[in-house]
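Structure below is data.txt: compact mmCIF, C-alpha atoms and all ligand atoms.
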# COMPACT_ATOMS: atom_id res chain seq x y z
CA MET A 278 -0.84 5.82 -5.19
CA ASN A 279 2.48 7.46 -5.91
CA PHE A 280 5.21 5.08 -7.04
CA ILE A 281 8.97 5.48 -7.31
CA ASP A 282 10.71 2.73 -9.29
CA PHE A 283 14.50 2.55 -8.94
CA HIS A 284 15.15 0.47 -12.06
CA ALA A 285 13.77 -0.02 -15.58
CA ASP A 286 15.64 -0.73 -18.82
CA THR A 287 13.27 1.16 -21.13
CA LEU A 288 16.00 3.38 -22.59
CA TYR A 289 17.91 0.27 -23.67
CA ARG A 290 14.81 -0.97 -25.50
CA LEU A 291 14.22 2.37 -27.20
CA PHE A 292 17.88 2.97 -28.10
CA TYR A 293 18.80 -0.42 -29.56
CA ARG A 294 15.67 -1.04 -31.60
CA PRO A 295 15.67 0.31 -35.13
CA GLN A 296 14.65 3.96 -35.17
CA GLY A 297 11.31 4.38 -33.49
CA GLU A 298 10.23 0.77 -33.90
CA ALA A 299 9.47 0.33 -30.21
CA GLY A 300 7.78 3.74 -29.99
CA ASP A 301 9.00 6.51 -27.73
CA LEU A 302 8.87 7.53 -24.10
CA GLN A 303 5.28 8.69 -24.37
CA ARG A 304 3.91 5.46 -25.78
CA ASN A 305 5.76 2.27 -26.71
CA SER A 306 5.59 -1.51 -26.93
CA CYS A 307 7.85 -1.90 -23.85
CA GLN A 308 6.71 -2.17 -20.23
CA VAL A 309 7.21 1.46 -19.22
CA ASP A 310 5.99 4.61 -20.95
CA LEU A 311 4.66 7.94 -19.76
CA GLU A 312 1.05 6.96 -20.39
CA ARG A 313 1.35 3.90 -18.18
CA LEU A 314 3.34 5.74 -15.49
CA ALA A 315 0.64 8.40 -15.39
CA SER A 316 -2.21 5.89 -15.26
CA SER A 317 -0.71 4.28 -12.14
CA GLY A 318 0.15 7.62 -10.54
CA TYR A 319 3.97 7.38 -10.55
CA ALA A 320 5.93 10.16 -8.88
CA ALA A 321 9.28 9.07 -10.35
CA GLN A 322 10.93 6.53 -12.59
CA VAL A 323 14.65 5.86 -12.71
CA PHE A 324 15.61 5.19 -16.34
CA ALA A 325 18.73 3.04 -16.68
CA CYS A 326 21.28 3.31 -19.48
CA PHE A 327 21.91 -0.41 -19.70
CA LEU A 328 24.22 -2.15 -22.16
CA ASP A 329 26.06 -5.43 -22.58
CA ILE A 330 29.74 -4.47 -22.99
CA GLU A 331 30.51 -7.78 -24.66
CA LYS A 332 28.17 -7.05 -27.55
CA PRO A 333 29.14 -4.74 -30.42
CA PRO A 334 28.15 -1.15 -29.65
CA GLN A 335 25.72 0.74 -31.82
CA THR A 336 27.98 3.80 -31.90
CA ASP A 337 31.79 3.75 -32.02
CA SER A 338 32.12 2.59 -28.38
CA CYS A 339 30.21 1.34 -25.34
CA TYR A 340 30.73 4.72 -23.70
CA GLY A 341 29.32 6.30 -26.87
CA ASP A 342 26.21 4.13 -26.53
CA VAL A 343 25.70 5.32 -22.95
CA LEU A 344 26.01 8.96 -24.03
CA GLY A 345 23.54 8.17 -26.81
CA MET A 346 21.03 6.73 -24.36
CA ALA A 347 21.47 9.72 -22.04
CA ASP A 348 20.89 12.07 -24.99
CA LEU A 349 17.80 10.11 -26.01
CA PHE A 350 16.49 10.47 -22.45
CA THR A 351 17.14 14.22 -22.40
CA GLN A 352 15.56 14.72 -25.80
CA GLN A 353 12.45 12.70 -24.86
CA VAL A 354 12.05 14.46 -21.51
CA GLN A 355 12.31 17.78 -23.33
CA LYS A 356 9.74 16.67 -25.93
CA TYR A 357 7.24 15.55 -23.29
CA ARG A 358 7.96 18.22 -20.74
CA ASP A 359 4.25 18.71 -20.16
CA GLN A 360 4.29 15.31 -18.38
CA VAL A 361 7.83 14.50 -17.24
CA ARG A 362 10.80 16.50 -15.95
CA PHE A 363 14.38 15.57 -15.22
CA ALA A 364 15.24 15.19 -11.53
CA GLY A 365 18.87 15.29 -10.42
CA ASN A 366 18.32 15.67 -6.69
CA TYR A 367 15.64 15.67 -4.01
CA ASN A 368 14.63 19.33 -4.42
CA GLN A 369 14.05 18.92 -8.16
CA TYR A 370 12.00 15.81 -7.44
CA ARG A 371 9.84 17.72 -4.90
CA ASP A 372 9.44 20.61 -7.29
CA ASN A 373 8.34 18.30 -10.12
CA LEU A 374 5.89 16.53 -7.81
CA SER A 375 4.31 19.76 -6.63
CA HIS A 376 3.76 20.81 -10.26
CA GLY A 377 2.21 17.47 -11.21
CA PHE A 378 5.15 16.22 -13.30
CA ILE A 379 6.58 12.70 -13.20
CA SER A 380 10.28 12.87 -12.30
CA GLY A 381 12.71 11.08 -14.60
CA PHE A 382 15.99 10.13 -12.94
CA LEU A 383 18.87 8.76 -15.01
CA SER A 384 21.06 5.80 -14.03
CA LEU A 385 23.80 3.71 -15.61
CA GLU A 386 23.90 -0.07 -15.31
CA GLU A 387 27.55 -0.81 -16.16
CA GLY A 388 30.46 0.99 -14.55
CA GLY A 389 32.78 -0.69 -17.05
CA VAL A 390 32.14 2.08 -19.58
CA LEU A 391 34.47 4.29 -17.56
CA GLU A 392 37.28 2.19 -19.09
CA GLY A 393 39.66 3.24 -16.33
CA GLN A 394 39.00 6.97 -16.81
CA ILE A 395 37.61 8.41 -13.60
CA THR A 396 36.94 11.82 -15.18
CA ARG A 397 34.18 10.17 -17.18
CA LEU A 398 32.17 10.19 -13.93
CA ASP A 399 32.15 13.99 -14.08
CA SER A 400 30.92 13.89 -17.68
CA LEU A 401 28.23 11.34 -16.79
CA TYR A 402 27.12 13.48 -13.86
CA LYS A 403 26.79 16.44 -16.23
CA LYS A 404 24.70 14.23 -18.52
CA GLY A 405 22.33 13.64 -15.60
CA VAL A 406 23.46 10.24 -14.31
CA ARG A 407 22.74 10.01 -10.58
CA ILE A 408 22.89 6.24 -9.87
CA MET A 409 25.43 3.74 -11.19
CA ASN A 410 25.77 -0.04 -10.95
CA LEU A 411 29.45 -0.76 -10.47
CA THR A 412 29.06 -3.88 -12.64
CA TRP A 413 26.47 -5.63 -14.73
CA ASN A 414 27.09 -9.35 -15.32
CA HIS A 415 30.67 -9.08 -16.66
CA GLU A 416 33.98 -8.46 -14.95
CA ASN A 417 35.00 -4.87 -15.62
CA CYS A 418 37.64 -2.33 -14.58
CA LEU A 419 35.86 -1.74 -11.25
CA GLY A 420 35.29 -5.29 -10.06
CA TYR A 421 33.42 -8.54 -10.47
CA PRO A 422 29.77 -9.49 -10.83
CA HIS A 423 27.80 -12.04 -8.81
CA ARG A 424 28.59 -14.96 -11.12
CA PRO A 425 30.30 -17.35 -11.77
CA PRO A 426 30.50 -18.56 -8.13
CA GLU A 427 34.25 -17.91 -7.80
CA PHE A 428 33.63 -14.18 -8.46
CA GLN A 429 31.58 -13.89 -5.25
CA LYS A 430 34.81 -13.86 -3.23
CA LYS A 431 36.47 -11.20 -5.38
CA GLY A 432 36.26 -7.64 -4.16
CA LEU A 433 36.52 -4.25 -5.86
CA LYS A 434 39.63 -3.52 -7.88
CA PRO A 435 41.71 -0.47 -6.82
CA PHE A 436 40.04 1.57 -9.60
CA GLY A 437 36.63 0.42 -8.30
CA ILE A 438 37.46 1.75 -4.83
CA ASP A 439 38.54 5.09 -6.36
CA VAL A 440 35.27 5.17 -8.32
CA VAL A 441 33.15 4.57 -5.20
CA ARG A 442 34.95 7.44 -3.44
CA ARG A 443 34.52 9.79 -6.41
CA MET A 444 30.83 8.86 -6.76
CA ASP A 445 30.34 9.71 -3.09
CA GLU A 446 31.99 13.09 -3.69
CA LEU A 447 30.03 13.89 -6.83
CA GLY A 448 26.64 12.69 -5.61
CA ILE A 449 26.22 9.67 -7.88
CA ILE A 450 24.56 6.93 -5.83
CA VAL A 451 26.38 3.59 -5.70
CA ASP A 452 24.18 0.70 -6.82
CA VAL A 453 25.31 -2.77 -5.74
CA SER A 454 22.79 -4.86 -7.67
CA HIS A 455 24.72 -7.34 -9.89
CA LEU A 456 27.93 -6.89 -7.86
CA SER A 457 29.88 -9.77 -6.27
CA ASP A 458 29.35 -10.40 -2.54
CA GLN A 459 32.90 -9.31 -1.70
CA GLY A 460 32.45 -6.22 -3.89
CA PHE A 461 29.34 -5.45 -1.85
CA TRP A 462 31.31 -5.61 1.39
CA ASP A 463 33.98 -3.37 -0.11
CA VAL A 464 31.30 -0.76 -0.84
CA VAL A 465 30.26 -1.00 2.82
CA ARG A 466 33.89 -0.61 3.82
CA TYR A 467 35.06 2.15 1.48
CA GLY A 468 31.81 4.03 0.81
CA THR A 469 30.91 7.02 2.94
CA ARG A 470 27.28 7.54 1.95
CA PRO A 471 24.04 5.56 1.80
CA PHE A 472 23.84 3.24 -1.21
CA LEU A 473 21.23 1.25 -3.09
CA ALA A 474 20.59 -2.27 -4.24
CA THR A 475 18.09 -0.98 -6.80
CA HIS A 476 16.77 -4.32 -8.07
CA SER A 477 17.57 -7.33 -5.86
CA ASN A 478 15.53 -9.68 -3.67
CA ALA A 479 16.14 -11.93 -0.66
CA ARG A 480 18.56 -14.83 -1.10
CA ALA A 481 17.07 -16.55 1.97
CA LEU A 482 13.89 -17.10 -0.06
CA ARG A 483 15.31 -17.59 -3.54
CA LYS A 484 18.88 -18.77 -3.58
CA VAL A 485 20.36 -16.96 -6.57
CA SER A 486 23.54 -14.93 -6.52
CA ARG A 487 21.68 -11.81 -7.74
CA ASN A 488 19.71 -11.69 -4.49
CA LEU A 489 21.03 -10.40 -1.15
CA THR A 490 21.69 -12.40 2.00
CA ASP A 491 19.95 -11.24 5.17
CA HIS A 492 23.28 -9.92 6.41
CA MET A 493 23.60 -7.80 3.26
CA ILE A 494 20.01 -6.51 3.51
CA ARG A 495 20.73 -5.36 7.05
CA ALA A 496 24.00 -3.72 5.94
CA VAL A 497 22.18 -1.72 3.22
CA ALA A 498 19.60 -0.62 5.81
CA ASP A 499 22.24 0.22 8.43
CA CYS A 500 23.91 2.74 6.13
CA GLY A 501 20.56 4.38 5.27
CA GLY A 502 20.14 2.63 1.92
CA ILE A 503 17.25 0.88 0.22
CA VAL A 504 16.73 -2.50 -1.42
CA GLY A 505 14.38 -2.31 -4.42
CA LEU A 506 12.03 -5.24 -4.95
CA ASN A 507 12.70 -6.91 -8.31
CA LEU A 508 9.74 -8.47 -10.15
CA TYR A 509 11.90 -10.77 -12.28
CA PRO A 510 10.26 -14.20 -11.84
CA ALA A 511 13.54 -16.16 -11.56
CA PHE A 512 14.66 -13.95 -8.64
CA LEU A 513 11.37 -14.51 -6.81
CA ALA A 514 10.88 -18.27 -6.75
CA GLU A 515 11.92 -21.63 -8.13
CA PRO A 516 10.44 -22.58 -10.51
CA PRO A 517 10.27 -18.95 -11.69
CA SER A 518 6.99 -17.55 -10.49
CA HIS A 519 4.79 -14.64 -11.38
CA ASN A 520 2.67 -15.35 -8.36
CA VAL A 521 1.96 -12.28 -6.29
CA ASP A 522 2.38 -14.36 -3.12
CA ALA A 523 6.06 -14.82 -4.00
CA ILE A 524 6.40 -11.04 -4.40
CA LEU A 525 4.76 -10.38 -1.04
CA HIS A 526 6.87 -13.05 0.62
CA HIS A 527 10.06 -11.23 -0.45
CA LEU A 528 8.67 -7.86 0.62
CA LYS A 529 7.79 -9.12 4.10
CA HIS A 530 11.13 -10.84 4.50
CA MET A 531 13.14 -7.79 3.41
CA ILE A 532 11.12 -5.53 5.74
CA ASN A 533 11.69 -7.99 8.61
CA GLN A 534 15.42 -7.99 7.95
CA GLY A 535 16.15 -4.37 7.08
CA GLY A 536 13.26 -2.59 8.76
CA ARG A 537 10.29 -0.72 7.44
CA GLN A 538 12.27 2.18 5.94
CA SER A 539 14.68 0.03 3.93
CA VAL A 540 12.53 -1.43 1.15
CA GLY A 541 11.41 0.14 -2.12
CA LEU A 542 10.70 -0.87 -5.71
CA GLY A 543 13.11 -1.77 -8.50
CA THR A 544 10.80 -3.53 -10.91
CA ASP A 545 13.36 -4.32 -13.64
CA PHE A 546 10.64 -3.61 -16.20
CA ASP A 547 11.98 -3.85 -19.75
CA GLY A 548 14.86 -5.97 -18.46
CA MET A 549 12.97 -9.26 -18.43
CA ASP A 550 11.59 -11.60 -21.04
CA LEU A 551 8.81 -13.21 -19.06
CA PRO A 552 5.72 -11.17 -18.38
CA PRO A 553 5.02 -11.40 -14.64
CA THR A 554 1.58 -11.06 -13.06
CA ILE A 555 2.33 -7.38 -12.91
CA LYS A 556 3.27 -7.18 -16.55
CA ASP A 557 3.99 -3.49 -16.93
CA ALA A 558 3.90 -0.14 -15.14
CA SER A 559 0.13 0.17 -15.59
CA ASN A 560 -0.42 -2.87 -13.33
CA MET A 561 1.27 -1.47 -10.23
CA PRO A 562 -2.05 -0.68 -8.50
CA TYR A 563 -2.56 -4.45 -8.48
CA LEU A 564 0.50 -4.76 -6.20
CA VAL A 565 -1.07 -2.24 -3.82
CA GLN A 566 -4.31 -4.23 -3.82
CA ALA A 567 -2.42 -7.46 -3.10
CA MET A 568 -0.54 -5.79 -0.23
CA GLU A 569 -3.82 -4.53 1.23
CA GLN A 570 -5.33 -8.01 1.02
CA ALA A 571 -2.23 -9.49 2.68
CA GLY A 572 -2.70 -7.17 5.66
CA PHE A 573 -0.05 -4.50 5.00
CA SER A 574 -1.12 -1.22 6.61
CA SER A 575 -1.64 1.80 4.36
CA GLY A 576 1.48 3.36 5.94
CA GLN A 577 3.58 0.31 5.08
CA ILE A 578 2.28 0.29 1.51
CA GLU A 579 3.10 3.96 1.05
CA ASP A 580 6.58 3.37 2.49
CA VAL A 581 7.36 0.62 -0.02
CA CYS A 582 5.73 2.29 -3.01
CA TYR A 583 7.36 5.72 -2.71
CA ARG A 584 7.99 7.19 0.72
CA ASN A 585 11.16 5.24 1.53
CA ALA A 586 12.62 6.14 -1.85
CA GLU A 587 11.66 9.76 -1.42
CA GLN A 588 13.27 9.88 2.02
CA PHE A 589 16.36 8.15 0.68
CA PHE A 590 16.77 10.87 -1.97
CA GLN A 591 16.35 13.52 0.70
CA ARG A 592 18.86 11.83 3.02
CA TYR A 593 21.39 11.21 0.26
CA TRP A 594 21.39 14.68 -1.28
CA SER A 595 21.10 16.64 1.93
CA GLU A 596 24.54 15.22 2.74
CA SER A 597 26.02 16.79 -0.40
ZN ZN B 601 19.89 -5.46 -13.87
As structure tokens, what does this structure read like?
Amino acid sequence: MNFIDFHADTLYRLFYRPQGEAGDLQRNSCQVDLERLASSGYAAQVFACFLDIEKPPQTDSCYGDVLGMADLFTQQVQKYRDQVRFAGNYNQYRDNLSHGFISGFLSLEEGGVLEGQITRLDSLYKKGVRIMNLTWNHENCLGYPHRPPEFQKKGLKPFGIDVVRRMDELGIIVDVSHLSDQGFWDVVRYGTRPFLATHSNARALRKVSRNLTDHMIRAVADCGGIVGLNLYPAFLAEPPSHNVDAILHHLKHMINQGGRQSVGLGTDFDGMDLPPTIKDASNMPYLVQAMEQAGFSSGQIEDVCYRNAEQFFQRYWSES
């Protein structure tokens, strides 16, 4: 089975650990590496440059750390070009797939590194960034995250609205995972293109602010976007569960709400401490097996695992 995963924090793991300690993109002690992606049959992995802007940067600035992670990605993709190739749009993805290469997309999980400078978006685009979370879990120059509760009512800041508009122009996909509810609705209001919630589940099933309400799931779907299923146990069930039934429950609910074309995968591998039932990228065939046993049709399974994501990329970039 082909898989496309919209979110993994592997670059963060590789970049912040002492030189080479975690291994590299080919083989490492994280949850995603090229060997495991290949063994499951992945078509594409989105690699996030994630960082906590309230922790001291490794370089001279948070923005410097992001550039460092992007450079690490580029250097690793170059080194292992017999297995993986950069993809910056749908056509490159298709081309990589037809030549048997895994596509590596680059994303950024913290719009705060723009530090009020919108031209940094152009530089990040040149570095290969094609998806960006407006916030992580801290307030930043764009807006507010999903917590604490009072942030849910706070929308995008004026700079955040400018950033959404510029991302739409450049072709950097807006990612609303981690964003406040009001920020989400501002993206719906001010955005002009399909957007993603790369790694969020259904709040109707697990009431945490990181998950999306049914209304939000339908809004993502209505604009042609995708919600990526997150395997983080605390976003699946209470008490936190690794049970595959909880995963399938969210999948079914999100498909019921947004429709069959609106759900994909955003595993959050390398962003979680607890090993779920599906503990790394090599276990993804187990998800397929569980979906088969739960009565999902082969067409539905293909949609969730890669086809919806593929069609999203096509839809998004054909508008450019
Ligand atoms: Zn995240």
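Residues in contact with ligand ZN 601 (chain B) comprise Glu386, Trp413, Ser454, His455, His476, Asp545 and Gly548 of chain A, where contact means an atom-to-atom distance of at most 7 Å counting all atoms listed in the file.
The smallest atom-to-atom distance between Tyr340 (chain A) and any of A:Gly388, A:Ile450, A:Gln322, A:Thr475, using only C-alpha atoms, is found for A:Gly388.
Nearest-residue note for Gln296 (chain A): choosing from A:Leu349, A:Leu564, A:Ala474, A:Val497, the minimum distance belongs to A:Leu349, counting only C-alpha atoms.
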In terms of all atoms listed in the file, the residue from A:Arg304, A:Asp439, A:Ser574, A:Phe324 at minimal distance from Gln394 (chain A) is A:Asp439
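Within the 10 Å cut-off around Tyr357 (chain A), using only C-alpha atoms and omitting residues fewer than 3 positions from it on the same chain, the listed residues are A:Leu302, A:Gln303, A:Leu311, A:Gln352, A:Gln353, A:Val354, A:Gln360, A:Val361, A:Arg362.
Across A:Arg371, A:Glu331, A:Arg466, A:Val485, the tightest approach to His415 (chain A) is made by A:Glu331 when counting all atoms listed in the file.
CA of Tyr293 (chain A) is positioned 21.4 Å from CA of Glu392 (chain A).
Closest approach to Gly572 (chain A) among A:Ile438, A:Leu513, A:Ala481, A:Leu525: A:Leu525, based on only C-alpha atoms.
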Please provide as a ChimeraX atom specification all residues within 7 Å of region 375-385 of chain A, with the sequence filter that same-chain residues fewer than 5 positions apart are discarded (counting all atoms listed in the file).
/A:319-327,360-365,370,405-410
Include C-alpha atoms and write out the residues we just selected as a tab-separated table (two decimals), keeping the file's coordinate frame.
chain	number	residue	atom	x	y	z
A	319	TYR	CA	3.97	7.38	-10.55
A	320	ALA	CA	5.93	10.16	-8.88
A	321	ALA	CA	9.28	9.07	-10.35
A	322	GLN	CA	10.93	6.53	-12.59
A	323	VAL	CA	14.65	5.86	-12.71
A	324	PHE	CA	15.61	5.19	-16.34
A	325	ALA	CA	18.73	3.04	-16.68
A	326	CYS	CA	21.28	3.31	-19.48
A	327	PHE	CA	21.91	-0.41	-19.70
A	360	GLN	CA	4.29	15.31	-18.38
A	361	VAL	CA	7.83	14.50	-17.24
A	362	ARG	CA	10.80	16.50	-15.95
A	363	PHE	CA	14.38	15.57	-15.22
A	364	ALA	CA	15.24	15.19	-11.53
A	365	GLY	CA	18.87	15.29	-10.42
A	370	TYR	CA	12.00	15.81	-7.44
A	405	GLY	CA	22.33	13.64	-15.60
A	406	VAL	CA	23.46	10.24	-14.31
A	407	ARG	CA	22.74	10.01	-10.58
A	408	ILE	CA	22.89	6.24	-9.87
A	409	MET	CA	25.43	3.74	-11.19
A	410	ASN	CA	25.77	-0.04	-10.95
Among the residues A:Gly393, A:Gly501, A:Pro516, A:Pro333, the one that comes closest to Gln588 (chain A) [using all atoms listed in the file]:
A:Gly501
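If you look at CA of Ala558 (chain A) and CA of Tyr593 (chain A), they are 25.9 Å away from each other.
A straight line drawn from CA of Ile578 (chain A) to CA of Asp522 (chain A) is 15.4 Å long.
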